[in-house]
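Trainee: Input structure: work11.txt, which contains compact mmCIF, C-alpha atoms.
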```
# COMPACT_ATOMS: atom_id res chain seq x y z
CA MET P 1 100.59 252.74 -193.09
CA GLN P 2 103.95 254.49 -192.65
CA ASN P 3 102.59 257.51 -194.55
CA SER P 4 99.22 257.64 -192.78
CA GLN P 5 98.59 260.05 -189.94
CA GLY P 6 98.48 258.38 -186.55
CA VAL P 7 98.46 259.37 -182.87
CA ASN P 8 101.79 260.89 -181.87
CA SER P 9 101.29 260.18 -178.15
CA VAL P 10 100.97 256.46 -178.88
CA ASP P 11 104.26 256.54 -180.79
CA ILE P 12 105.96 258.26 -177.85
CA ALA P 13 104.53 255.78 -175.33
CA ILE P 14 105.84 252.88 -177.41
CA THR P 15 109.26 254.55 -177.64
CA ILE P 16 109.31 254.78 -173.83
CA LEU P 17 108.39 251.10 -173.47
CA GLU P 18 110.98 250.06 -176.05
CA PHE P 19 113.73 251.96 -174.25
CA ILE P 20 112.87 250.40 -170.88
CA ALA P 21 112.75 246.95 -172.49
CA SER P 22 116.15 247.47 -174.12
CA ASN P 23 117.52 248.56 -170.75
CA GLY P 24 116.74 245.21 -169.12
CA GLY P 25 113.16 246.06 -168.19
CA ILE P 26 114.03 248.83 -165.72
CA ALA P 27 115.20 252.44 -166.16
CA ARG P 28 115.44 255.73 -164.31
CA SER P 29 113.11 258.53 -165.35
CA SER P 30 116.07 260.82 -166.11
CA ASP P 31 117.52 258.23 -168.51
CA ILE P 32 114.14 257.70 -170.17
CA ALA P 33 113.71 261.44 -170.69
CA LYS P 34 117.16 261.78 -172.25
CA ALA P 35 116.80 258.72 -174.51
CA CYS P 36 113.31 259.70 -175.71
CA SER P 37 114.06 263.44 -176.01
CA LEU P 38 111.32 264.42 -173.58
CA SER P 39 111.22 267.03 -170.86
CA LYS P 40 110.81 265.64 -167.34
CA SER P 41 107.38 267.23 -166.97
CA ARG P 42 106.13 265.82 -170.27
CA LEU P 43 107.60 262.38 -169.54
CA HIS P 44 105.91 262.35 -166.15
CA LYS P 45 102.45 262.48 -167.79
CA TYR P 46 103.29 259.47 -169.94
CA LEU P 47 104.68 257.54 -166.97
CA VAL P 48 101.52 258.23 -164.96
CA SER P 49 99.31 256.86 -167.76
CA LEU P 50 101.55 253.86 -168.40
CA CYS P 51 101.60 252.97 -164.70
CA ARG P 52 97.83 253.47 -164.41
CA SER P 53 97.31 251.02 -167.27
CA GLU P 54 99.81 248.56 -165.68
CA MET P 55 102.13 248.73 -168.68
CA LEU P 56 104.74 249.99 -166.20
CA TYR P 57 105.10 250.05 -162.45
CA GLN P 58 107.16 252.37 -160.28
CA GLU P 59 109.82 250.98 -157.96
CA SER P 60 109.53 251.86 -154.27
CA GLU P 61 112.46 254.29 -154.56
CA GLY P 62 110.34 256.34 -156.95
CA SER P 63 112.84 257.16 -159.69
CA GLN P 64 112.93 253.81 -161.49
CA TYR P 65 110.26 252.29 -163.72
CA CYS P 66 109.82 248.64 -164.73
CA LEU P 67 107.76 246.80 -167.32
CA GLY P 68 104.38 245.99 -165.78
CA SER P 69 102.05 243.00 -165.57
CA LYS P 70 99.99 244.09 -168.60
CA ILE P 71 103.12 243.84 -170.79
CA LEU P 72 103.53 240.22 -169.63
CA PHE P 73 99.86 239.54 -170.38
CA LEU P 74 100.19 240.92 -173.92
CA ALA P 75 103.45 239.06 -174.47
CA GLN P 76 101.69 235.76 -173.74
CA ALA P 77 99.69 236.19 -176.96
CA THR P 78 102.90 236.38 -179.03
CA PRO P 79 104.22 233.08 -180.46
CA LYS P 80 107.68 232.48 -179.02
CA PRO P 81 110.02 229.70 -177.93
CA GLN P 82 109.08 228.02 -174.68
CA SER P 83 110.08 230.18 -171.73
CA ILE P 84 110.93 229.25 -168.15
CA ILE P 85 107.37 230.21 -167.20
CA ASP P 86 106.02 227.88 -169.91
CA GLU P 87 108.19 225.00 -168.69
CA ILE P 88 107.07 225.41 -165.09
CA ASN P 89 103.44 225.82 -166.12
CA GLN P 90 103.65 222.60 -168.14
CA LEU P 91 104.59 220.77 -164.93
CA LEU P 92 101.66 222.47 -163.18
CA CYS P 93 99.30 221.30 -165.93
CA GLU P 94 100.60 217.76 -165.43
CA PHE P 95 99.98 218.10 -161.68
CA ARG P 96 96.43 219.32 -162.35
CA ASP P 97 95.77 216.32 -164.61
CA GLU P 98 97.23 213.87 -162.07
CA HIS P 99 95.36 215.20 -159.02
CA ASN P 100 92.39 217.05 -160.59
CA MET P 101 93.35 220.15 -158.61
CA SER P 102 93.56 223.69 -159.99
CA THR P 103 97.11 225.03 -160.23
CA GLY P 104 98.72 228.42 -160.71
CA LEU P 105 102.01 230.22 -160.99
CA VAL P 106 102.89 233.37 -159.01
CA ILE P 107 105.64 235.77 -160.10
CA SER P 108 107.09 238.86 -158.45
CA GLN P 109 107.45 242.33 -159.90
CA GLY P 110 109.40 244.40 -157.46
CA ASN P 111 107.67 243.56 -154.17
CA GLN P 112 104.32 242.90 -155.84
CA LEU P 113 103.03 239.38 -156.50
CA PHE P 114 100.82 238.31 -159.41
CA LEU P 115 99.10 235.06 -160.35
CA THR P 116 100.26 235.01 -163.97
CA ARG P 117 99.03 231.52 -164.95
CA TYR P 118 95.96 229.60 -163.79
CA ASN P 119 95.01 226.06 -164.80
CA ARG P 120 91.49 225.16 -163.68
CA SER P 121 90.64 221.65 -162.51
CA PHE P 122 88.04 219.52 -164.27
CA LYS P 123 85.67 219.50 -161.30
CA HIS P 124 82.10 220.73 -161.81
CA VAL P 125 82.51 223.26 -158.99
CA ASP P 126 85.83 225.03 -158.40
CA ILE P 127 87.33 228.50 -158.06
CA ASP P 128 88.46 230.73 -160.94
CA PHE P 129 90.96 233.57 -161.30
CA LEU P 130 91.61 236.20 -163.96
CA PRO P 131 95.12 236.48 -165.49
CA ASP P 132 97.57 238.64 -163.52
CA THR P 133 95.44 238.68 -160.37
CA PRO P 134 97.35 240.49 -157.58
CA VAL P 135 98.30 238.15 -154.73
CA PRO P 136 98.40 239.55 -151.17
CA HIS P 137 101.55 239.08 -149.10
CA LYS P 138 99.57 238.13 -146.02
CA VAL P 139 96.96 235.37 -145.80
CA SER P 140 98.29 233.73 -148.98
CA ALA P 141 100.37 230.59 -149.38
CA ALA P 142 102.42 232.19 -152.19
CA GLY P 143 103.15 235.25 -150.03
CA ALA P 144 104.41 232.96 -147.27
CA VAL P 145 106.65 231.12 -149.74
CA PHE P 146 108.16 234.32 -151.17
CA ALA P 147 108.73 235.65 -147.64
CA THR P 148 110.46 232.42 -146.60
CA PHE P 149 112.49 231.37 -149.65
CA SER P 150 113.13 234.46 -151.82
CA ASN P 151 115.42 237.45 -151.37
CA LEU P 152 112.49 239.87 -151.58
CA LYS P 153 111.60 242.00 -148.59
CA ILE P 154 108.06 240.69 -148.14
CA ASP P 155 106.17 240.77 -144.86
CA ALA P 156 103.75 237.86 -144.82
CA GLY P 157 103.02 238.28 -141.12
CA LEU P 158 104.75 235.00 -140.23
CA SER P 159 106.34 234.17 -136.92
CA ALA P 160 109.83 232.64 -136.81
CA LYS P 161 108.22 229.31 -135.88
CA GLN P 162 105.89 229.43 -138.88
CA GLN P 163 108.77 230.24 -141.26
CA ASN P 164 110.83 227.37 -139.85
CA THR P 165 107.92 224.99 -140.41
CA ILE P 166 107.50 226.17 -144.01
CA ARG P 167 111.24 225.90 -144.63
CA GLN P 168 111.40 222.38 -143.21
CA GLN P 169 108.42 221.00 -145.12
CA GLY P 170 109.23 222.91 -148.31
CA PHE P 171 105.75 224.36 -148.86
CA ALA P 172 103.17 226.62 -147.24
CA ILE P 173 99.48 225.97 -146.58
CA ARG P 174 96.91 228.75 -146.36
CA HIS P 175 94.41 227.43 -143.85
CA GLU P 176 92.20 230.54 -143.70
CA PRO P 177 89.44 230.49 -146.35
CA ALA P 178 89.71 233.18 -149.00
CA GLU P 179 87.33 236.09 -148.62
CA GLY P 180 84.15 235.37 -150.53
CA ILE P 181 85.11 231.72 -151.26
CA PRO P 182 84.15 229.67 -148.17
CA GLY P 183 86.27 226.54 -147.76
CA ALA P 184 88.80 227.40 -150.48
CA GLN P 185 92.42 226.79 -149.57
CA SER P 186 95.81 226.88 -151.28
CA ILE P 187 99.19 225.19 -151.03
CA SER P 188 102.32 226.77 -152.48
CA CYS P 189 105.94 225.74 -152.89
CA PRO P 190 108.99 227.55 -154.29
CA VAL P 191 110.44 226.69 -157.69
CA PHE P 192 114.22 226.94 -157.88
CA ASN P 193 116.56 227.17 -160.87
CA LYS P 194 119.73 225.11 -161.17
CA LYS P 195 121.63 227.75 -159.18
CA GLY P 196 119.28 227.22 -156.24
CA GLU P 197 117.58 230.61 -156.70
CA MET P 198 113.82 230.88 -156.30
CA VAL P 199 112.20 231.98 -159.56
CA VAL P 200 108.44 231.62 -158.96
CA ALA P 201 105.93 230.12 -156.53
CA ALA P 202 103.81 227.17 -157.67
CA LEU P 203 100.25 226.84 -156.38
CA THR P 204 97.53 224.27 -156.08
CA MET P 205 94.19 225.54 -154.84
CA GLY P 206 90.55 224.69 -154.34
CA PHE P 207 88.52 222.73 -151.81
CA ILE P 208 91.21 220.59 -150.22
CA ASP P 209 90.52 217.81 -147.74
CA PRO P 210 92.47 218.76 -144.56
CA GLU P 211 93.73 215.18 -144.23
CA LYS P 212 95.27 215.38 -147.71
CA GLN P 213 97.03 218.76 -147.38
CA ILE P 214 100.47 217.45 -146.41
CA ALA P 215 100.43 214.69 -149.03
CA LEU P 216 99.31 217.17 -151.69
CA GLY P 217 102.01 219.65 -150.63
CA ASN P 218 104.69 216.96 -150.86
CA ALA P 219 103.40 215.91 -154.29
CA LEU P 220 103.52 219.51 -155.55
CA LYS P 221 107.05 219.96 -154.19
CA ALA P 222 108.19 216.73 -155.87
CA LYS P 223 106.66 217.78 -159.20
CA MET P 224 108.31 221.22 -159.11
CA ALA P 225 111.70 219.70 -158.20
CA LYS P 226 111.78 218.29 -161.74
CA PHE P 227 112.30 221.81 -163.10
CA SER P 228 115.71 222.29 -161.46
CA GLN P 229 117.00 218.83 -162.42
```
Now that the file is in, can you turn its structure into structure tokens?

Mentor:
Amino acid sequence: MQNSQGVNSVDIAITILEFIASNGGIARSSDIAKACSLSKSRLHKYLVSLCRSEMLYQESEGSQYCLGSKILFLAQATPKPQSIIDEINQLLCEFRDEHNMSTGLVISQGNQLFLTRYNRSFKHVDIDFLPDTPVPHKVSAAGAVFATFSNLKIDAGLSAKQQNTIRQQGFAIRHEPAEGIPGAQSISCPVFNKKGEMVVAALTMGFIDPEKQIALGNALKAKMAKFSQ
């Protein structure tokens, strides 16, 4: 294969991704151009395609590029030691089995949120999500949790009173039904590492009895607290 003719542009794209990965997952365009021996104009075309395919995403400042959600999706297919995401998702699978409620895990990339894991309940009728589904900041329980507990600059449209309530109870409830899924609701809580830093948002979602929301939120919070112990 080494002696067979391939597609040079694919080789260059991989070189770009490898450099960004070796640089901690984020790099300036000027550094990428220098490391990959590309002119800025030629590099720009590759960056546009890589961002369009979600292999990369561009930071808000505009000059830095990070590994995108599609890279994470592809990485999930690679056998590897259990990661932090795997450990947290294992707890979410246990929660699903205990309560027969769908669960999920939301991560941040820059100021963007993605549902990177989804564990469907065993009910005959429930909601489904595709991997790496974008999560809105507003009208989402995970958005409210990131806005309240993380260091990210996320506007979830919450009042000070609402944030105080979420902070005190340790979880957020999305009461408004999701568009196109009448009656569907979600509850989310932060997951902290041993340093007390929020790493992801845990979710349980589906058709939740209003009288059971608080109890379910407390159960989810208690389950996720096991990760930081």

Trainee: Of the candidates P:Phe129, P:Phe146, P:Phe122, P:Phe192, which shows the shortest atom-to-atom distance to Ile107 of chain P, using only C-alpha atoms?

Mentor: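 That would be P:Phe146, the residue with the smallest distance to Ile107 of chain P.
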
Trainee: Which distance in Å separates atom CA of Lys123 of chain P and atom CA of Asn100 of chain P, to one decimal?

Mentor: 7.2 Å

Trainee: Using only C-alpha atoms, determine which residues lie at most 12 Å from segment 193-196 of chain P, disregarding the query and same-chain residues fewer than 6 positions distant; provide the list as a ChimeraX atom specification.

Mentor: /P:84-85,87-88,149-151,224-229

Trainee: Rounded to one decimal in Å, what is the spacing between atom CA of Arg28 of chain P and atom CA of Gln109 of chain P?

Mentor: 16.2 Å

Trainee: Could you state the separation of atom CA of Ser41 of chain P and atom CA of Tyr65 of chain P in Å, given to one decimal place?

Mentor: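 The value is 15.6 Å.
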
Trainee: Scan for residues within 7 Å of the point (103.5, 247.8, -168.1) in the coordinates of the file, using only C-alpha atoms, and reply as a list in words.

Mentor: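 Returned residue set, sorted by chain then number, is Leu50, Cys51, Glu54, Met55, Leu56, Tyr57, Leu67, Gly68, Ser69, Lys70 and Ile71 of chain P.
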
Trainee: Please build the interface table for segment 162-225 of chain P against segment 111-121 of chain P with a cut-off of 10 Å, listing for each qualifying residue the nearest atom pair and the distance in Å to one decimal; count all atoms listed in the file, order rows by chain and increasing number, and write it as a Markdown table.

Mentor:
```
| residue | atom | partner | partner_atom | distance |
| --- | --- | --- | --- | --- |
| P:Val200 | CA | P:Leu113 | CA | 9.8 |
| P:Ala201 | CA | P:Leu115 | CA | 9.3 |
| P:Ala202 | CA | P:Leu115 | CA | 9.6 |
| P:Leu203 | CA | P:Tyr118 | CA | 9.0 |
| P:Thr204 | CA | P:Asn119 | CA | 9.3 |
| P:Met205 | CA | P:Arg120 | CA | 9.3 |
| P:Gly206 | CA | P:Ser121 | CA | 8.7 |
```

Trainee: Which of these, P:Leu72, P:Ala184, P:Ala160, P:Leu105, has the shortest distance to Gln90 of chain P once you count all atoms listed in the file?

Mentor: P:Leu105

Trainee: Smallest atom-to-atom distance to Ser159 of chain P: which of P:Ile173, P:Cys93, P:Ala144, P:Ala33, using all atoms listed in the file?

Mentor: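 Closest residue, counting all atoms listed in the file: P:Ala144.
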
Trainee: Fewer than 4 positions away in the same chain doesn't count, so skip those; otherwise give me all residues within 8 Å of segment 11-27 of chain P, counting all atoms listed in the file, as a list in words.

Mentor: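 Counting only the stated atoms, we get Val7, Asp31, Ile32, Ala35, Cys36, Tyr46, Leu50, Gln64, Tyr65, Cys66 and Leu67 of chain P.
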
Trainee: Taking C-alpha atoms for each residue, export the selection above as a PDB file, in the coordinates of the input.

Mentor:
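Saved as result-v6.pdb:
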```
ATOM      1  CA  VAL P   7      98.460 259.370-182.870  1.00  0.00           C
ATOM      2  CA  ASP P  31     117.520 258.230-168.510  1.00  0.00           C
ATOM      3  CA  ILE P  32     114.140 257.700-170.170  1.00  0.00           C
ATOM      4  CA  ALA P  35     116.800 258.720-174.510  1.00  0.00           C
ATOM      5  CA  CYS P  36     113.310 259.700-175.710  1.00  0.00           C
ATOM      6  CA  TYR P  46     103.290 259.470-169.940  1.00  0.00           C
ATOM      7  CA  LEU P  50     101.550 253.860-168.400  1.00  0.00           C
ATOM      8  CA  GLN P  64     112.930 253.810-161.490  1.00  0.00           C
ATOM      9  CA  TYR P  65     110.260 252.290-163.720  1.00  0.00           C
ATOM     10  CA  CYS P  66     109.820 248.640-164.730  1.00  0.00           C
ATOM     11  CA  LEU P  67     107.760 246.800-167.320  1.00  0.00           C
TER      12      LEU P  67
END
```

Trainee: Select, from P:Ser83, P:Val125, P:Gly143, P:Phe95, the residue with the minimum atom-to-atom distance to Asn218 of chain P, counting only C-alpha atoms.

Mentor: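 Checking each candidate against Asn218 of chain P, we get P:Phe95 as the closest.
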
Trainee: Which neighbours of Leu158 of chain P fall inside 9 Å, counting all atoms listed in the file, when residues of the same chain fewer than 2 positions from it are skipped, and could you give them as a PyMOL selection string?

Mentor: chain P and resi 138+144+147-148+155-156+160-163

Trainee: Which is closer to Val199 of chain P than all the others in P:Gly157, P:Ser186, P:Asn89, P:Val106, using all atoms listed in the file?

Mentor: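 Smallest distance to Val199 of chain P is found for P:Val106.
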
Trainee: Restricting the calculation to all atoms listed in the file, which member of P:His44, P:Arg167, P:Arg174, P:Lys153 is positioned closest to Phe207 of chain P?

Mentor: P:Arg174
